[in-house]
Amino acid sequence: MRASGPIARRPSAALLGAIVLLAGVGCSSSDGAFTGAPTGPTPTTAAAATTAAPVVADTSDRSTTTVPDTATAATDAGRPAPVDQVLPAPGYGYLELPDGTTLSINVMFPGKADDGPFPTVVEYSGYDPSNPDSGLLGRVFNALGYAYVGVNLRGTGCSGGAFALFDEQQAVDGYDMIETIAAQPWVRHGRVGMVGISYSGITQLFVAATRPPSLAAISPLSVFDDAFRSTLYPGGMLNTGFAVDWATERTRQAEPFGQAWTRRRSDAGDTTCAANQEQRSGNEDAGALIAQHPYYDPTVADRLNPSRYVDRIDVPVFLAGAWQDEQTGGRFPALLDRFAPTTKVYATLMNGLHTESLGLGALERYYEFLDFYVARRTPKLGLLASVIPTVVYWTLFDSPGLLLPLPRFSGLDYEEALARFEAEPRVRVLFEEGAASGTKAGAPVPRFERSFTAWPPPGVIATPMRLSPGSGGTSYTYDPDAVPDTFYEGSESGIWKAGVRWTWPAVPDDHVVGFESAPYARDTVLVGPASADLWITSTTADTDIEVTITEVRPDGQEVFVQSGRLRASQRALDPAVSTELRPVHTQLEADSAPLTPGTPTLVRVEVLPFAHVFRSGSRLRVLVGSPGGNHAHWSFDNLPAGGTVRVLTDDAHPSRLMVPVVPGISVPAERPPCGSLRGQPCRTYRSLR
C-alpha cells in the first residue's frame, strides 16, 4: 500500500508546444465526447437490530441472469458471419454489417502504415467518435502507441439504421464491428481492446457480454450499473436534471443531420453519409420512453441494465469512476460483484466527478492495463506519452504541471511484469482526491490510496448509528422548493476545474431534520454504501425523502460526503440482493404501496457508496428531509409540496444509519482543507433550530 502522489514537473516550452499541436488542446467534443451533452467545435423488510455485524456477500442468484435474445445470438453458430472487408488504413470510411447497414468509422495510426501492425483500441458510441474533424481521444492513444478506431453507433453520426437508446441491436452490431476490425492486417495480435468514458464506456459492457472472440479487453470509465435505478429514476424519482436532458439530446442528435459534422461531410460529397440520414424514420424517442415508464418495466429497463449481463463478460476489465459523479451517479460499484469470479476485473474508485476516471490516480493503472492485455507488452512510457496529462489536465481540470509517475515495471520482461501486476489487489480506492500535497488544491490527484482484494472491501463492518433527537426536532414540512435543486450553477465543463465554486445551500429549518454522532474518538474510515433505515410517519400517502451524510469538523466547517433518495411508495426491497448496508428497491409497479397517513412505516434509503475519513474530533451528521441542494447536477420531478414527515426514534421504532467501517487503515493526520476535495463542497456548519 503505497502513498500516491504526482510527479510534478514542467516539460520544456518546445515539448509542450508539440503536445498541444498533437492533441489539439481542446478537450470538448462537438457532440459531447466527455459529457453526454454538446460543449463546443449517462413488501418492505429490514432488520432493526442495533448491534454491529459483519457484512455478508451479495447472495443474488446468478443463474437467473440472462442476456437479450439478440445479444445471445451473437455467439450462435447459425448467425451471419461479419462481412469480409478492407477498412481504411488509416482514414475515414464505413464498416458494413451483415444486414447491409454501414457504420461510420475513423481510423488513426500512431505512425506510418508501414510501421504496423499496431495494438488497436476501439471507441464505440452515439457521440462523434468517427468524426474525422475531432479525434482528441484518438491522438491521445496514438501518443501511447495504439491505433485508434472511432465508430458511431447505428443511427448516429454518419452511420446508417435507426437509433434506439442502448438497444440490443447495438450490442450485436458491436460484436460484428469488433470481429471486422480485428481481422484487419494492421491490427497486432488479431485482437482489439475497447476504450472510452461515459457513453462509450457503457457500450463496452453490452458489447463484451456478446463475447466477440477477437475482443482482448475492455476499459469502461464513469458508467452506471443499472440506468433505470441508478440514473433515470434513482429511488423512484425522475432525474430531470441530467438524465432526461441527456436522453433528449441523444434523440435530437440522432435526427437527420442532428450532428453538425454530418452535414459538413454530406455537403462535401459524402453520399453514404447523406443516404444514411434518410434511414432515421424509425428512431426511438428516448425522452418519451423514459417518461412513459416511471416504474421498472423489464421489457424496457432490462436492456438499460448492465448488471444483468456483465457475468457473461470473459475478458479483462478495467473500471474506474467517482462516488459523486454528477452525471451517471455513484452507484456503479454495484457492478463489481456481478462479474463472473473468473473474470479479471480491476477497479479504481475515488471521490470526485464524471471525468475523475481520467485523473492522474486512475490514468496510471489504465495505461498499464491496456499495455498488458491489449498491446501485450511491458508498460513503458515514451517521453511524448508521459506528458499527455499536462495538456489534458491543463485544459480539462485547470491543473497544469502534472505528469504520470515513472513506469513501475521497467527492466522486467512481459511475463514477469504481468505476473506482478496480476498479483496485486484488484480494487483500489483513492482517498481525498483534490488534496494531494504539492499540487494545486482541487487537482485530480489523490492524497493517499489503499487496495483491497474484493468489493465490498473484506472486513467491512456494518456499524449502526442510532438516530436520536438533538437540539432540533424530528419532523419537517415536505417542500422540495425550499432550496435550490443543485449545489452547482456554472458551466458543464467548469465543474471539473480545480477552482470550481460550489453553492451548497444552508440547511433549511422546518424542511429537514438532522442527527449527529458524538465526536469520533479515533480516525475512522468508511468505505462502501450506507443504509438509512428510517421509521417515519407522514400526513400524506406519499413523500420524497433525501438523506445526506456530512462531516462536521471541530473548526465549524461541514463537508458533503454523499446522499441518497427514495419515493416512499417505492420502498419495497429486493431481498435477493439487499444487505444491511445496501437496500435495493425493486421499483416495480406491482410492489408500489402508499403510506397510511399517521402509521409508522419503515423505509430504507440507499445512500450511494463513498470513501471518507472521519478523523478524531469530527462528527457524522445525517440530514433527512425534502430533496434538493445535495447534488451537483441532478434535480427531480418531485411530488408536490405539502404534508409533515416525522422521523421516529423511540425504542419501538429505532431509526438508524448503517455505515461501512473498514478498520486498520492509516490516514494522514491533517484534515484536507475545506473545499479542496473534488466533488465534495464545504460550508460553515449551522445547527437546526
# chains A, B, ... in the order shown; residues from 1 in each chain; ligands from 1
>>> residues_around(residues="Ser130 in chain A", least_positions_apart="3", cutoff="8 Å", atoms="only C-alpha atoms", output="ChimeraX atom specification")
/A:92,104-106,135,149-152,157
>>> select_by_dssp(residues="range 372-609 of chain A", states="helix (DSSP H, G or I)", output="PyMOL selection string")
chain A and resi 372-375+383-386+388-397+414-423+494-496+568-570+589-591
>>> residues_around(residues="Ser307 in chain A", least_positions_apart="5", cutoff="7 Å", atoms="only C-alpha atoms", output="count of residues only")
4
>>> residues_around(residues="range 360-363 of chain A", least_positions_apart="5", cutoff="9 Å", atoms="only C-alpha atoms", output="PyMOL selection string")
chain A and resi 4-6+320-321+348-350+368+389+393+402-405+430+433+444-446+449
>>> write_last_selection(atoms="C-alpha atoms", output="PDB file, in the first residue's frame")
ATOM      1  CA  SER A   4       0.065   8.063  -4.106  1.00  0.00           C
ATOM      2  CA  GLY A   5       1.225  11.346  -5.438  1.00  0.00           C
ATOM      3  CA  PRO A   6       2.022  13.102  -8.661  1.00  0.00           C
ATOM      4  CA  ALA A 320     -12.973   3.467 -12.870  1.00  0.00           C
ATOM      5  CA  GLY A 321     -15.381   6.061 -11.538  1.00  0.00           C
ATOM      6  CA  THR A 348     -10.173   2.280  -9.331  1.00  0.00           C
ATOM      7  CA  LEU A 349     -12.705   4.140  -7.157  1.00  0.00           C
ATOM      8  CA  MET A 350     -12.446   7.685  -5.841  1.00  0.00           C
ATOM      9  CA  GLU A 368      -0.738  -0.350 -17.601  1.00  0.00           C
ATOM     10  CA  PRO A 389      -1.588  14.670 -18.585  1.00  0.00           C
ATOM     11  CA  TYR A 393      -5.247  18.299 -17.067  1.00  0.00           C
ATOM     12  CA  LEU A 402       1.167  17.001 -13.627  1.00  0.00           C
ATOM     13  CA  LEU A 403       2.909  14.042 -15.224  1.00  0.00           C
ATOM     14  CA  LEU A 404       2.424  10.309 -14.936  1.00  0.00           C
ATOM     15  CA  PRO A 405       4.686   8.567 -12.413  1.00  0.00           C
ATOM     16  CA  LEU A 430      -8.196   6.686  -3.938  1.00  0.00           C
ATOM     17  CA  GLU A 433      -8.812  13.380  -4.399  1.00  0.00           C
ATOM     18  CA  PRO A 444      -7.395  15.434  -9.835  1.00  0.00           C
ATOM     19  CA  VAL A 445      -4.765  13.711  -7.697  1.00  0.00           C
ATOM     20  CA  PRO A 446      -5.434  11.569  -4.601  1.00  0.00           C
ATOM     21  CA  GLU A 449      -4.728   5.201  -1.625  1.00  0.00           C
TER      22      GLU A 449
END
>>> closest_residue(among="A:Ser399, A:Thr343, A:Thr328, A:Thr439", to="Ser230 in chain A", atoms="only C-alpha atoms")
A:Thr328
>>> closest_residue(among="A:Ala164, A:Ala209, A:Tyr373, A:Gly642", to="Phe339 in chain A", atoms="only C-alpha atoms")
A:Ala209
>>> closest_atom_pairs(of="range 519-578 of chain A", to="range 454-467 of chain A", cutoff="9 Å", atoms="only C-alpha atoms", output="tab-separated table")
residue	atom	partner	partner_atom	distance
A:Leu526	CA	A:Val460	CA	8.6
A:Val527	CA	A:Pro457	CA	7.6
A:Gly528	CA	A:Pro456	CA	6.6
A:Pro529	CA	A:Pro456	CA	8.9
A:Ala530	CA	A:Ala462	CA	8.5
A:Leu534	CA	A:Leu467	CA	8.9
>>> write_last_selection(atoms="all heavy atoms", output="PDB file, in the first residue's frame")
ATOM      1  N   LEU A 526     -14.731   5.095   6.458  1.00  0.00           N
ATOM      2  CA  LEU A 526     -15.935   4.469   5.929  1.00  0.00           C
ATOM      3  C   LEU A 526     -15.750   4.259   4.430  1.00  0.00           C
ATOM      4  O   LEU A 526     -15.396   5.188   3.703  1.00  0.00           O
ATOM      5  CB  LEU A 526     -17.169   5.340   6.178  1.00  0.00           C
ATOM      6  CG  LEU A 526     -17.423   5.824   7.619  1.00  0.00           C
ATOM      7  CD1 LEU A 526     -18.754   6.557   7.694  1.00  0.00           C
ATOM      8  CD2 LEU A 526     -17.390   4.672   8.594  1.00  0.00           C
ATOM      9  N   VAL A 527     -16.007   3.030   3.960  1.00  0.00           N
ATOM     10  CA  VAL A 527     -15.851   2.701   2.541  1.00  0.00           C
ATOM     11  C   VAL A 527     -17.004   1.802   2.123  1.00  0.00           C
ATOM     12  O   VAL A 527     -17.117   0.662   2.592  1.00  0.00           O
ATOM     13  CB  VAL A 527     -14.511   1.984   2.254  1.00  0.00           C
ATOM     14  CG1 VAL A 527     -14.378   1.722   0.743  1.00  0.00           C
ATOM     15  CG2 VAL A 527     -13.331   2.789   2.763  1.00  0.00           C
ATOM     16  N   GLY A 528     -17.869   2.293   1.229  1.00  0.00           N
ATOM     17  CA  GLY A 528     -18.969   1.483   0.722  1.00  0.00           C
ATOM     18  C   GLY A 528     -20.285   2.226   0.771  1.00  0.00           C
ATOM     19  O   GLY A 528     -20.337   3.416   1.120  1.00  0.00           O
ATOM     20  N   PRO A 529     -21.383   1.554   0.452  1.00  0.00           N
ATOM     21  CA  PRO A 529     -22.699   2.175   0.555  1.00  0.00           C
ATOM     22  C   PRO A 529     -23.174   2.198   1.997  1.00  0.00           C
ATOM     23  O   PRO A 529     -22.613   1.534   2.867  1.00  0.00           O
ATOM     24  CB  PRO A 529     -23.575   1.255  -0.298  1.00  0.00           C
ATOM     25  CG  PRO A 529     -22.941  -0.091  -0.142  1.00  0.00           C
ATOM     26  CD  PRO A 529     -21.459   0.169  -0.049  1.00  0.00           C
ATOM     27  N   ALA A 530     -24.228   2.972   2.256  1.00  0.00           N
ATOM     28  CA  ALA A 530     -24.833   3.039   3.586  1.00  0.00           C
ATOM     29  C   ALA A 530     -26.343   2.907   3.447  1.00  0.00           C
ATOM     30  O   ALA A 530     -26.905   3.111   2.365  1.00  0.00           O
ATOM     31  CB  ALA A 530     -24.466   4.349   4.283  1.00  0.00           C
ATOM     32  N   LEU A 534     -35.169   4.200   8.251  1.00  0.00           N
ATOM     33  CA  LEU A 534     -35.960   5.232   8.901  1.00  0.00           C
ATOM     34  C   LEU A 534     -37.386   4.756   9.173  1.00  0.00           C
ATOM     35  O   LEU A 534     -38.082   4.289   8.267  1.00  0.00           O
ATOM     36  CB  LEU A 534     -36.018   6.483   8.012  1.00  0.00           C
ATOM     37  CG  LEU A 534     -34.676   7.055   7.535  1.00  0.00           C
ATOM     38  CD1 LEU A 534     -34.919   8.218   6.583  1.00  0.00           C
ATOM     39  CD2 LEU A 534     -33.818   7.483   8.712  1.00  0.00           C
TER      40      LEU A 534
END
>>> select_by_dssp(residues="range 364-608 of chain A", states="strand (DSSP E)", output="ChimeraX atom specification")
/A:402-403,427-431,448-452,461-466,475-477,512-516,524-538,544-552,557-567,601-608
>>> write_last_selection(atoms="C-alpha atoms", output="compact mmCIF listing (two decimals), in the first residue's frame")
# COMPACT_ATOMS: atom_id res chain seq x y z
CA LEU A 402 1.17 17.00 -13.63
CA LEU A 403 2.91 14.04 -15.22
CA VAL A 427 -9.67 -2.89 -6.13
CA ARG A 428 -8.01 0.47 -5.49
CA VAL A 429 -9.68 3.22 -3.50
CA LEU A 430 -8.20 6.69 -3.94
CA PHE A 431 -8.83 8.91 -0.93
CA PHE A 448 -3.41 8.55 -0.48
CA GLU A 449 -4.73 5.20 -1.63
CA ARG A 450 -5.49 1.75 -0.28
CA SER A 451 -6.08 -1.52 -2.11
CA PHE A 452 -8.49 -4.38 -1.45
CA ILE A 461 -18.20 -3.82 9.45
CA ALA A 462 -21.80 -2.72 9.10
CA THR A 463 -21.97 -0.34 12.05
CA PRO A 464 -25.24 1.19 13.27
CA MET A 465 -25.60 4.82 14.25
CA ARG A 466 -28.82 5.07 16.27
CA SER A 475 -40.40 16.36 11.99
CA TYR A 476 -40.27 18.54 8.89
CA THR A 477 -42.59 20.07 6.33
CA VAL A 512 -35.13 18.93 7.13
CA VAL A 513 -34.19 17.20 10.38
CA GLY A 514 -30.66 16.41 11.48
CA PHE A 515 -28.94 13.82 13.65
CA GLU A 516 -25.31 13.84 14.72
CA THR A 524 -12.49 6.17 11.33
CA VAL A 525 -12.63 5.23 7.65
CA LEU A 526 -15.94 4.47 5.93
CA VAL A 527 -15.85 2.70 2.54
CA GLY A 528 -18.97 1.48 0.72
CA PRO A 529 -22.70 2.18 0.55
CA ALA A 530 -24.83 3.04 3.59
CA SER A 531 -28.44 2.41 4.55
CA ALA A 532 -30.70 4.92 6.29
CA ASP A 533 -33.28 2.72 8.00
CA LEU A 534 -35.96 5.23 8.90
CA TRP A 535 -39.21 4.74 10.75
CA ILE A 536 -41.45 7.55 9.57
CA THR A 537 -44.99 8.82 9.73
CA SER A 538 -46.43 11.14 7.12
CA ASP A 544 -39.96 12.03 -1.44
CA ILE A 545 -37.08 11.63 1.02
CA GLU A 546 -33.46 12.68 0.68
CA VAL A 547 -30.77 11.53 3.11
CA THR A 548 -27.41 13.32 3.18
CA ILE A 549 -24.28 12.38 5.10
CA THR A 550 -21.82 15.13 6.04
CA GLU A 551 -18.72 15.54 8.18
CA VAL A 552 -18.88 18.24 10.85
CA GLN A 557 -16.83 23.54 8.80
CA GLU A 558 -19.17 20.96 7.25
CA VAL A 559 -18.11 18.73 4.32
CA PHE A 560 -20.53 16.99 1.96
CA VAL A 561 -19.94 13.23 1.83
CA GLN A 562 -22.82 11.52 -0.01
CA SER A 563 -26.58 11.44 -0.46
CA GLY A 564 -29.42 9.11 -1.42
CA ARG A 565 -33.12 9.41 -2.04
CA LEU A 566 -36.36 7.46 -2.14
CA ARG A 567 -40.01 7.93 -3.04
CA THR A 601 -43.61 2.73 8.40
CA LEU A 602 -40.06 1.53 7.88
CA VAL A 603 -38.35 2.86 4.78
CA ARG A 604 -34.74 2.08 3.90
CA VAL A 605 -32.99 4.74 1.83
CA GLU A 606 -29.96 3.70 -0.20
CA VAL A 607 -27.06 6.11 0.32
CA LEU A 608 -24.69 5.70 -2.59
>>> residues_around(residues="Ala518 in chain A", least_positions_apart="5", cutoff="9 Å", atoms="only C-alpha atoms", output="tab-separated table (two decimals) with C-alpha atoms, in the first residue's frame")
chain	number	residue	atom	x	y	z
A	617	GLY	CA	-12.95	15.04	16.79
A	618	SER	CA	-15.19	15.09	13.70
A	619	ARG	CA	-18.86	14.16	13.86
A	620	LEU	CA	-21.04	12.39	11.31
>>> closest_residue(among="A:Glu168, A:Asp302, A:Glu123, A:Asp574", to="Tyr148 in chain A", atoms="only C-alpha atoms")
A:Glu123
>>> atom_distance(atom1="CA of Ala611 in chain A", atom2="CA of Gly241 in chain A")
24.8 Å
>>> residues_around(residues="Ser635 in chain A", least_positions_apart="3", cutoff="7 Å", atoms="only C-alpha atoms", output="list in words")
Asn239, Thr240, Gly241, Asp485, Thr486 and Gly628 of chain A
>>> closest_residue(among="A:Thr453, A:Gln327, A:Thr390, A:Ser655", to="Glu492 in chain A", atoms="only C-alpha atoms")
A:Gln327
>>> atom_distance(atom1="CA of Arg154 in chain A", atom2="CA of Tyr346 in chain A")
29.8 Å
>>> closest_residue(among="A:Asp523, A:Asp650, A:Glu284, A:Asp84", to="Ile665 in chain A", atoms="only C-alpha atoms")
A:Asp523
